[in-house]
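Trainee: Structure file data-v1.cif (mmCIF, C-alpha atoms and all ligand atoms) right here:
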```cif
data_start
loop_
_atom_site.label_atom_id
_atom_site.label_comp_id
_atom_site.auth_asym_id
_atom_site.auth_seq_id
_atom_site.Cartn_x
_atom_site.Cartn_y
_atom_site.Cartn_z
CA MET A 313 204.56 173.37 105.82
CA GLY A 314 206.29 176.54 107.05
CA LEU A 315 207.52 177.96 110.33
CA ARG A 316 205.65 176.48 113.30
CA ALA A 317 205.47 179.82 115.17
CA LEU A 318 203.77 181.53 112.22
CA ARG A 319 201.35 178.64 111.65
CA GLU A 320 200.34 178.81 115.32
CA ALA A 321 199.92 182.59 115.17
CA ILE A 322 197.69 182.19 112.09
CA VAL A 323 195.49 179.57 113.78
CA SER A 324 195.09 181.79 116.88
CA TYR A 325 194.03 184.67 114.64
CA LEU A 326 191.72 182.71 112.30
CA GLY A 327 189.58 181.02 114.96
CA PRO A 328 188.15 184.13 116.62
CA ALA A 329 188.40 186.46 113.59
CA ARG A 330 187.11 184.19 110.80
CA GLY A 331 185.53 181.18 112.51
CA VAL A 332 188.05 178.90 110.76
CA ARG A 333 188.55 175.52 112.44
CA GLY A 334 191.80 173.58 112.46
CA THR A 335 195.20 173.20 114.06
CA ALA A 336 198.66 174.45 113.10
CA ASP A 337 199.33 170.99 111.60
CA GLN A 338 196.78 171.82 108.88
CA VAL A 339 198.31 175.20 107.96
CA MET A 340 200.73 175.45 105.05
CA ILE A 341 202.56 178.75 104.47
CA VAL A 342 202.69 179.78 100.81
CA SER A 343 203.82 182.76 98.75
CA GLY A 344 200.29 184.18 98.47
CA SER A 345 196.96 182.95 97.08
CA GLN A 346 198.48 182.43 93.67
CA GLN A 347 200.77 179.66 94.90
CA ALA A 348 197.97 178.33 97.12
CA LEU A 349 195.76 177.90 94.05
CA ASP A 350 198.53 176.15 92.16
CA ILE A 351 199.18 173.72 95.02
CA CYS A 352 195.45 173.01 95.45
CA THR A 353 195.07 172.34 91.73
CA ARG A 354 198.04 169.96 91.61
CA ALA A 355 196.96 168.16 94.80
CA LEU A 356 193.25 167.80 94.02
CA LEU A 357 192.61 168.00 90.28
CA LYS A 358 193.71 166.18 87.15
CA PRO A 359 194.13 167.59 83.63
CA ALA A 360 190.66 168.11 82.09
CA SER A 361 189.01 168.30 85.53
CA GLN A 362 186.01 170.61 85.46
CA LEU A 363 185.90 173.46 87.90
CA TRP A 364 183.33 176.17 88.62
CA MET A 365 184.56 179.75 88.69
CA GLU A 366 182.55 182.81 89.59
CA GLU A 367 181.56 184.85 86.52
CA PRO A 368 182.85 187.55 86.69
CA GLY A 369 185.78 186.22 88.71
CA TYR A 370 189.43 186.53 89.66
CA ARG A 371 191.40 186.58 86.42
CA PHE A 372 194.73 185.56 88.00
CA ALA A 373 193.12 182.39 89.36
CA ARG A 374 191.86 181.54 85.87
CA GLN A 375 195.44 181.56 84.62
CA VAL A 376 196.47 178.99 87.26
CA PHE A 377 193.65 176.62 86.31
CA LEU A 378 194.33 176.97 82.59
CA LEU A 379 198.04 176.38 83.13
CA ASN A 380 197.13 173.12 84.86
CA ASN A 381 194.85 172.17 81.92
CA CYS A 382 191.61 172.32 83.93
CA ARG A 383 188.30 173.10 82.24
CA ILE A 384 186.67 176.20 83.67
CA VAL A 385 182.87 176.34 83.93
CA PRO A 386 181.84 180.01 84.43
CA VAL A 387 178.95 180.23 86.93
CA PRO A 388 177.03 183.53 87.25
CA VAL A 389 177.03 185.62 90.41
CA ASP A 390 174.12 187.66 91.77
CA GLY A 391 173.57 189.74 94.92
CA ASN A 392 173.68 186.53 97.03
CA GLY A 393 176.99 185.33 95.59
CA LEU A 394 177.62 182.33 93.35
CA ASP A 395 174.40 180.96 91.81
CA VAL A 396 174.73 177.32 92.93
CA ALA A 397 171.64 176.15 91.03
CA ALA A 398 173.05 177.63 87.81
CA GLY A 399 176.32 175.81 88.49
CA MET A 400 174.48 172.51 88.86
CA ASP A 401 172.60 173.16 85.61
CA ARG A 402 175.86 173.82 83.78
CA CYS A 403 177.97 171.04 85.26
CA ARG A 404 176.66 169.10 88.25
CA THR A 405 179.71 166.84 88.28
CA ALA A 406 182.43 169.51 88.53
CA GLN A 407 185.30 168.43 90.78
CA ALA A 408 185.89 171.80 92.44
CA VAL A 409 184.77 175.40 92.78
CA LEU A 410 186.65 178.60 93.56
CA VAL A 411 184.62 181.11 95.58
CA THR A 412 185.17 184.46 97.33
CA PRO A 413 182.22 184.35 99.78
CA SER A 414 183.03 187.26 102.08
CA HIS A 415 183.59 189.82 99.30
CA GLN A 416 182.99 188.39 95.85
CA TYR A 417 185.78 189.40 93.50
CA PRO A 418 185.19 191.70 91.67
CA LEU A 419 181.53 192.61 92.33
CA GLY A 420 181.86 192.71 96.12
CA PHE A 421 178.70 190.82 97.14
CA THR A 422 178.66 188.72 100.31
CA MET A 423 177.45 185.16 99.83
CA SER A 424 174.16 184.61 101.69
CA ALA A 425 173.77 181.95 104.38
CA SER A 426 171.38 179.89 102.25
CA ARG A 427 173.77 179.90 99.27
CA ARG A 428 176.61 178.81 101.58
CA LEU A 429 174.58 175.85 102.78
CA GLU A 430 173.53 175.01 99.20
CA LEU A 431 177.17 175.05 98.08
CA LEU A 432 178.35 172.86 100.99
CA ASP A 433 175.52 170.43 100.27
CA TRP A 434 176.42 170.20 96.56
CA ALA A 435 180.10 169.68 97.41
CA GLU A 436 179.34 166.90 99.86
CA ARG A 437 176.97 165.10 97.47
CA SER A 438 179.34 165.45 94.47
CA ARG A 439 182.53 164.80 96.45
CA ALA A 440 183.75 168.16 95.07
CA TRP A 441 186.28 170.51 96.69
CA ILE A 442 185.50 174.10 97.63
CA LEU A 443 188.45 176.51 97.41
CA GLU A 444 187.49 179.46 99.64
CA ASP A 445 189.56 182.54 98.78
CA ASP A 446 189.14 184.84 101.81
CA TYR A 447 191.43 187.52 100.42
CA ASP A 448 190.13 190.70 102.06
CA SER A 449 187.66 189.70 104.75
CA GLU A 450 189.32 191.81 107.44
CA TYR A 451 187.96 195.12 106.22
CA ARG A 452 184.19 195.53 106.58
CA TYR A 453 182.75 198.99 107.09
CA GLU A 454 178.99 198.67 107.54
CA ASN A 455 178.52 195.48 109.55
CA MET A 456 180.34 192.72 111.40
CA PRO A 457 182.59 190.35 109.42
CA ILE A 458 180.82 187.22 108.19
CA SER A 459 182.37 183.93 109.33
CA SER A 460 184.14 181.74 106.83
CA LEU A 461 182.53 178.96 104.80
CA GLN A 462 185.22 176.61 106.14
CA GLY A 463 183.88 177.06 109.69
CA LEU A 464 180.41 175.93 108.54
CA ASP A 465 181.65 172.81 106.80
CA PRO A 466 181.22 169.58 108.81
CA ASN A 467 182.61 167.35 106.03
CA GLY A 468 186.13 168.58 105.29
CA ARG A 469 185.28 169.70 101.72
CA VAL A 470 186.56 173.29 102.10
CA ILE A 471 190.17 174.31 101.56
CA TYR A 472 190.64 177.79 103.06
CA LEU A 473 193.04 180.23 101.38
CA GLY A 474 194.27 183.33 103.19
CA THR A 475 196.78 185.98 102.17
CA PHE A 476 198.70 188.82 103.78
CA SER A 477 198.70 190.68 100.47
CA LYS A 478 195.66 192.80 101.32
CA VAL A 479 195.86 193.00 105.07
CA LEU A 480 199.60 193.86 104.99
CA PHE A 481 201.08 194.32 101.51
CA PRO A 482 201.34 192.23 98.32
CA SER A 483 205.13 192.30 97.89
CA LEU A 484 205.47 190.41 101.19
CA ARG A 485 204.36 187.30 99.21
CA LEU A 486 203.04 185.40 102.21
CA GLY A 487 199.77 183.55 102.53
CA TYR A 488 198.47 180.25 103.87
CA ILE A 489 196.23 177.28 103.19
CA VAL A 490 194.15 175.57 105.88
CA ILE A 491 193.96 172.00 104.62
CA PRO A 492 191.41 169.35 105.68
CA HIS A 493 193.27 166.95 107.94
CA GLU A 494 193.30 163.87 105.71
CA LEU A 495 194.54 165.86 102.68
CA VAL A 496 197.67 167.18 104.42
CA PRO A 497 200.05 164.45 103.10
CA ARG A 498 198.87 165.06 99.50
CA PHE A 499 199.53 168.78 99.83
CA GLN A 500 202.92 168.16 101.43
CA ALA A 501 203.98 165.88 98.57
CA VAL A 502 203.13 168.57 96.01
CA ARG A 503 204.89 171.26 98.02
CA VAL A 504 208.12 169.34 98.39
CA ALA A 505 208.20 168.77 94.64
CA MET A 506 207.60 172.46 93.94
CA ASP A 507 209.92 174.43 96.24
CA ILE A 508 210.44 172.29 99.38
CA SER A 509 209.41 175.07 101.80
CA PRO A 510 208.92 178.83 102.11
CA PRO A 511 211.88 181.04 103.18
CA THR A 512 212.14 181.11 106.99
CA PHE A 513 213.27 184.64 107.76
CA PRO A 514 210.19 186.65 106.64
CA GLN A 515 207.97 184.08 108.38
CA ALA A 516 209.81 184.64 111.67
CA VAL A 517 209.37 188.42 111.38
CA LEU A 518 205.67 188.04 110.63
CA ALA A 519 205.16 185.59 113.51
CA ASP A 520 206.65 188.20 115.90
CA PHE A 521 204.58 190.96 114.31
CA ILE A 522 201.37 189.00 114.97
CA GLY A 523 202.49 187.66 118.36
CA GLU A 524 203.41 191.11 119.67
CA ASP A 525 199.94 192.42 118.74
CA HIS A 526 201.08 194.82 115.98
CA PHE A 527 198.96 192.93 113.44
CA SER A 528 195.60 193.45 115.17
CA ARG A 529 196.47 197.11 115.83
CA HIS A 530 197.39 197.52 112.16
CA ILE A 531 194.05 196.05 111.06
CA ARG A 532 192.11 198.39 113.35
CA ARG A 533 194.05 201.43 112.14
CA MET A 534 193.81 200.51 108.47
CA ARG A 535 190.09 199.77 108.69
CA SER A 536 189.34 203.37 109.62
CA LEU A 537 191.87 204.73 107.08
CA TYR A 538 190.43 202.64 104.21
CA CYS A 539 186.92 203.62 105.26
CA GLU A 540 187.85 207.31 104.92
CA ARG A 541 189.40 206.62 101.50
CA ARG A 542 186.32 204.71 100.38
CA ASP A 543 184.05 207.55 101.54
CA ALA A 544 186.20 210.07 99.67
CA LEU A 545 186.00 208.01 96.48
CA LEU A 546 182.20 207.68 96.73
CA HIS A 547 181.90 211.38 97.52
CA HIS A 548 183.82 212.40 94.39
CA LEU A 549 182.30 209.80 92.09
CA SER A 550 178.62 210.53 92.53
CA PRO A 551 178.41 214.18 91.38
CA LEU A 552 180.52 213.42 88.32
CA PHE A 553 178.64 210.41 87.06
CA GLY A 554 175.21 210.72 88.69
CA SER A 555 172.66 208.21 87.42
CA ARG A 556 175.07 206.83 84.75
CA LEU A 557 176.82 205.00 87.51
CA LYS A 558 176.00 201.75 89.28
CA ILE A 559 178.31 200.86 92.18
CA THR A 560 178.67 197.53 94.00
CA GLY A 561 180.91 196.14 96.73
CA GLN A 562 181.53 199.34 98.69
CA GLN A 563 180.67 197.72 102.06
CA ALA A 564 184.00 195.89 102.44
CA GLY A 565 187.51 195.39 101.14
CA MET A 566 189.78 197.83 99.33
CA HIS A 567 188.01 198.20 96.03
CA LEU A 568 184.57 198.87 94.67
CA CYS A 569 183.12 198.11 91.31
CA VAL A 570 181.55 200.65 88.95
CA PHE A 571 179.47 199.72 85.91
CA LEU A 572 179.44 202.15 83.00
CA ASN A 573 177.39 201.76 79.87
CA ARG A 574 178.52 202.67 76.39
CA ILE A 575 182.25 202.75 77.07
CA ASP A 576 185.13 200.50 76.07
CA ASP A 577 186.75 199.93 79.46
CA LEU A 578 190.01 198.56 78.00
CA GLU A 579 190.43 201.66 75.86
CA VAL A 580 189.58 204.01 78.77
CA ALA A 581 192.09 202.16 81.00
CA ARG A 582 194.77 202.62 78.34
CA ARG A 583 194.02 206.36 78.14
CA ALA A 584 193.98 206.69 81.94
CA ALA A 585 197.36 204.94 82.22
CA SER A 586 198.92 207.74 80.17
CA SER A 587 197.97 210.12 83.02
CA LYS A 588 199.26 207.58 85.60
CA LEU A 589 195.81 206.45 86.74
CA TRP A 590 195.85 202.66 86.92
CA LEU A 591 192.40 201.20 86.29
CA VAL A 592 191.39 197.53 86.23
CA PRO A 593 188.79 197.10 83.47
CA LEU A 594 185.78 195.09 84.65
CA SER A 595 185.47 193.28 81.31
CA SER A 596 188.78 191.48 81.99
CA SER A 597 187.09 189.57 84.83
CA TYR A 598 184.66 187.77 82.49
CA ALA A 599 185.50 184.44 80.85
CA GLY A 600 182.27 183.83 78.95
CA LYS A 601 179.39 185.77 77.41
CA GLY A 602 177.51 188.69 78.99
CA ILE A 603 180.59 190.84 79.51
CA ARG A 604 179.87 194.13 81.34
CA GLN A 605 181.95 197.30 81.06
CA GLY A 606 183.22 199.27 84.04
CA PHE A 607 186.12 199.41 86.48
CA ILE A 608 187.38 197.77 89.64
CA LEU A 609 188.49 200.85 91.55
CA GLY A 610 191.06 200.13 94.27
CA TYR A 611 191.32 202.94 96.81
CA GLY A 612 193.72 201.34 99.33
CA SER A 613 196.78 203.30 98.27
CA THR A 614 195.16 206.61 97.29
CA SER A 615 195.02 209.22 100.06
CA VAL A 616 191.90 211.27 100.76
CA GLU A 617 193.76 214.33 99.43
CA GLN A 618 194.60 212.59 96.14
CA MET A 619 191.09 211.25 95.53
CA ALA A 620 189.47 214.25 93.81
CA GLY A 621 192.34 214.44 91.30
CA ALA A 622 192.17 210.70 90.62
CA VAL A 623 188.42 210.82 89.94
CA ARG A 624 188.93 213.83 87.66
CA LYS A 625 191.47 211.82 85.65
CA LEU A 626 188.93 209.01 85.38
CA GLN A 627 186.34 211.39 84.01
CA VAL A 628 188.79 212.88 81.50
CA ALA A 629 189.75 209.38 80.30
CA ILE A 630 186.07 208.43 79.85
CA ASP A 631 185.07 211.65 78.09
CA ALA A 632 188.11 211.82 75.77
C1 LIG B 1 190.39 187.66 94.58
C2 LIG B 1 191.79 187.81 95.08
N1 LIG B 1 192.36 186.77 95.70
C3 LIG B 1 193.62 186.87 96.18
C4 LIG B 1 194.36 188.02 96.03
C5 LIG B 1 195.75 188.06 96.59
O1 LIG B 1 196.62 187.35 95.79
P1 LIG B 1 198.10 187.01 96.31
O2 LIG B 1 197.95 186.46 97.70
O3 LIG B 1 198.62 186.01 95.34
O4 LIG B 1 198.87 188.29 96.30
C6 LIG B 1 193.81 189.10 95.38
C7 LIG B 1 194.63 190.32 95.20
O5 LIG B 1 194.30 191.23 94.50
C8 LIG B 1 192.50 189.01 94.89
O6 LIG B 1 191.94 190.04 94.26
#
```
Spell out the structure here as structure tokens.
Mentor:
Amino acid sequence: MGLRALREAIVSYLGPARGVRGTADQVMIVSGSQQALDICTRALLKPASQLWMEEPGYRFARQVFLLNNCRIVPVPVDGNGLDVAAGMDRCRTAQAVLVTPSHQYPLGFTMSASRRLELLDWAERSRAWILEDDYDSEYRYENMPISSLQGLDPNGRVIYLGTFSKVLFPSLRLGYIVIPHELVPRFQAVRVAMDISPPTFPQAVLADFIGEDHFSRHIRRMRSLYCERRDALLHHLSPLFGSRLKITGQQAGMHLCVFLNRIDDLEVARRAASSKLWLVPLSSSYAGKGIRQGFILGYGSTSVEQMAGAVRKLQVAIDA
């Protein structure tokens, strides 16, 4: 399951910060959300199991489900998050759902309280599993963080996935799963078959980093830094694109989403890459019909000073 000291540090952090309930015995350390999704799929689903995914949604998660021969049912997202009623219309008997309730990936909406209750109710009635990917909940700029779905769940249907990729850095390859108590042996059996356990040394360093209070200081410092970077991006985007531009998801996280009509976002991303501007095309997040064009603009690693130049490159790539 991972190093005890780190699992305890994670539980002490998650309770107050995210409203997640559970003990260190329920926490499994993994190499990021990607491995967490793979373990969840192997432990809970069979080949040909049907699973709801947000549409648009996290493309790397889709690859895990397809690799495990699951059938993905794309379910639309609106300003309140995943449209649960639409999911039930499309496939009431799905065995699982992957959701990003605190900052929907990629559109950035926060799932409303009523949708959360609707989703928990559907999961309980259908005996379905909810995989809650809480990948960047730490950074909210306008209002207080919203508690996790897991903390609202009285029935043990939610498997909570956390990662240090956003809050620290992705090459660390450390994340965790909070597993409902009675599922722990199933998850352990899968884990042993896959890689036995995570490497101990980086876990020990991280446990000290959290235990000695560097982690919470880091979050506080980065929240104000990312907020400045987000403001700089918004500041430079609006005069260039004006009313052509619709933006979502700027209230939290480390990216925002821009919709642009009449462009081919894949082609623009290719052009931008030649000037070393790395864009994620929005269209790549759609699995089904109704694809929209635009970009998922990450600002976490672009300084305020670099922002004007980066936005200029974006404009040149669009106008070329
Ligand atoms: C929706 C979502 N989930 C999870 C992650 C983190 O993935 P990992 O922990 O595998 O690095 C990301 C990173 O971009 C993400 O966008």
Trainee: What does the structure give for the distance between CA of Ser426 in chain A and CA of Ser345 in chain A, in Å to one decimal?
Mentor: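 It comes out at 26.3 Å.
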Trainee: Where's the centre, and what are the edge lengths in Å to one decimal, of a box along x, y and z enclosing all listed atoms of ligand LIG 1 (chain B) padded 4 Å per side, as lines of an AutoDock Vina configuration file?
Mentor:
```
center_x = 194.6
center_y = 188.6
center_z = 96.0
size_x = 16.5
size_y = 13.2
size_z = 11.4
```
Trainee: Can you pull out the residues contacting His548 in chain A? Cut-off 10 Å, using all atoms listed in the file, and skip same-chain residues under 6 positions away; I want them as a list in words.
Mentor: Met619, Ala620, Gly621, Ala622, Val623 and Arg624 of chain A
Trainee: Throw together the list of residues within 9 Å of ligand LIG 1 (chain B), counting all atoms listed in the file, and drop it here as a PyMOL selection string.
Mentor: chain A and resi 342-349+369-373+411-412+415-418+445-448+473-478+481-488
Trainee: Mind dumping the selected residues with C-alpha atoms as a short mmCIF file (atom, residue, chain, number, x, y, z; two decimals), in the coordinates of the input?
Mentor:
```
data_model
loop_
_atom_site.label_atom_id
_atom_site.label_comp_id
_atom_site.auth_asym_id
_atom_site.auth_seq_id
_atom_site.Cartn_x
_atom_site.Cartn_y
_atom_site.Cartn_z
CA VAL A 342 202.69 179.78 100.81
CA SER A 343 203.82 182.76 98.75
CA GLY A 344 200.29 184.18 98.47
CA SER A 345 196.96 182.95 97.08
CA GLN A 346 198.48 182.43 93.67
CA GLN A 347 200.77 179.66 94.90
CA ALA A 348 197.97 178.33 97.12
CA LEU A 349 195.76 177.90 94.05
CA GLY A 369 185.78 186.22 88.71
CA TYR A 370 189.43 186.53 89.66
CA ARG A 371 191.40 186.58 86.42
CA PHE A 372 194.73 185.56 88.00
CA ALA A 373 193.12 182.39 89.36
CA VAL A 411 184.62 181.11 95.58
CA THR A 412 185.17 184.46 97.33
CA HIS A 415 183.59 189.82 99.30
CA GLN A 416 182.99 188.39 95.85
CA TYR A 417 185.78 189.40 93.50
CA PRO A 418 185.19 191.70 91.67
CA ASP A 445 189.56 182.54 98.78
CA ASP A 446 189.14 184.84 101.81
CA TYR A 447 191.43 187.52 100.42
CA ASP A 448 190.13 190.70 102.06
CA LEU A 473 193.04 180.23 101.38
CA GLY A 474 194.27 183.33 103.19
CA THR A 475 196.78 185.98 102.17
CA PHE A 476 198.70 188.82 103.78
CA SER A 477 198.70 190.68 100.47
CA LYS A 478 195.66 192.80 101.32
CA PHE A 481 201.08 194.32 101.51
CA PRO A 482 201.34 192.23 98.32
CA SER A 483 205.13 192.30 97.89
CA LEU A 484 205.47 190.41 101.19
CA ARG A 485 204.36 187.30 99.21
CA LEU A 486 203.04 185.40 102.21
CA GLY A 487 199.77 183.55 102.53
CA TYR A 488 198.47 180.25 103.87
#
```
Trainee: Which is closest to Gln462 in chain A among A:Leu432, A:Leu578, A:Val332, A:Leu443, if we use all atoms listed in the file?
Mentor: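 For Gln462 in chain A, the nearest of the given residues is A:Val332.
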Trainee: Please return as a VMD selection string every residue within 12 Å of (181.2, 168.2, 97.0), taking into account all atoms listed in the file and the file's own coordinates.
Mentor: chain A and resid 363 to 364 396 400 404 to 409 429 to 443 465 to 471
Trainee: What is the distance between CA of Val496 in chain A and CA of Gln338 in chain A, in Å to one decimal?
Mentor: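 It comes out at 6.5 Å.
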Trainee: How many Å separate CA of Met365 in chain A from CA of Met313 in chain A?
Mentor: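 According to the coordinates, CA of Met365 in chain A and CA of Met313 in chain A are separated by 27.1 Å.
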Trainee: Which residue, A:Gln375, A:Asn455, A:Ser361, A:Ser597, has the smallest gap to Pro388 in chain A when you use all atoms listed in the file?
Mentor: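 Once distances to Pro388 in chain A are computed over all atoms listed in the file, the minimum belongs to A:Ser597.
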Trainee: Between A:Pro368, A:Ile630, A:Ile458, A:Asp507, which residue has the minimum interatomic distance to Arg604 in chain A, considering only C-alpha atoms?
Mentor: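 With only C-alpha atoms as the atom set, the closest residue is A:Pro368.
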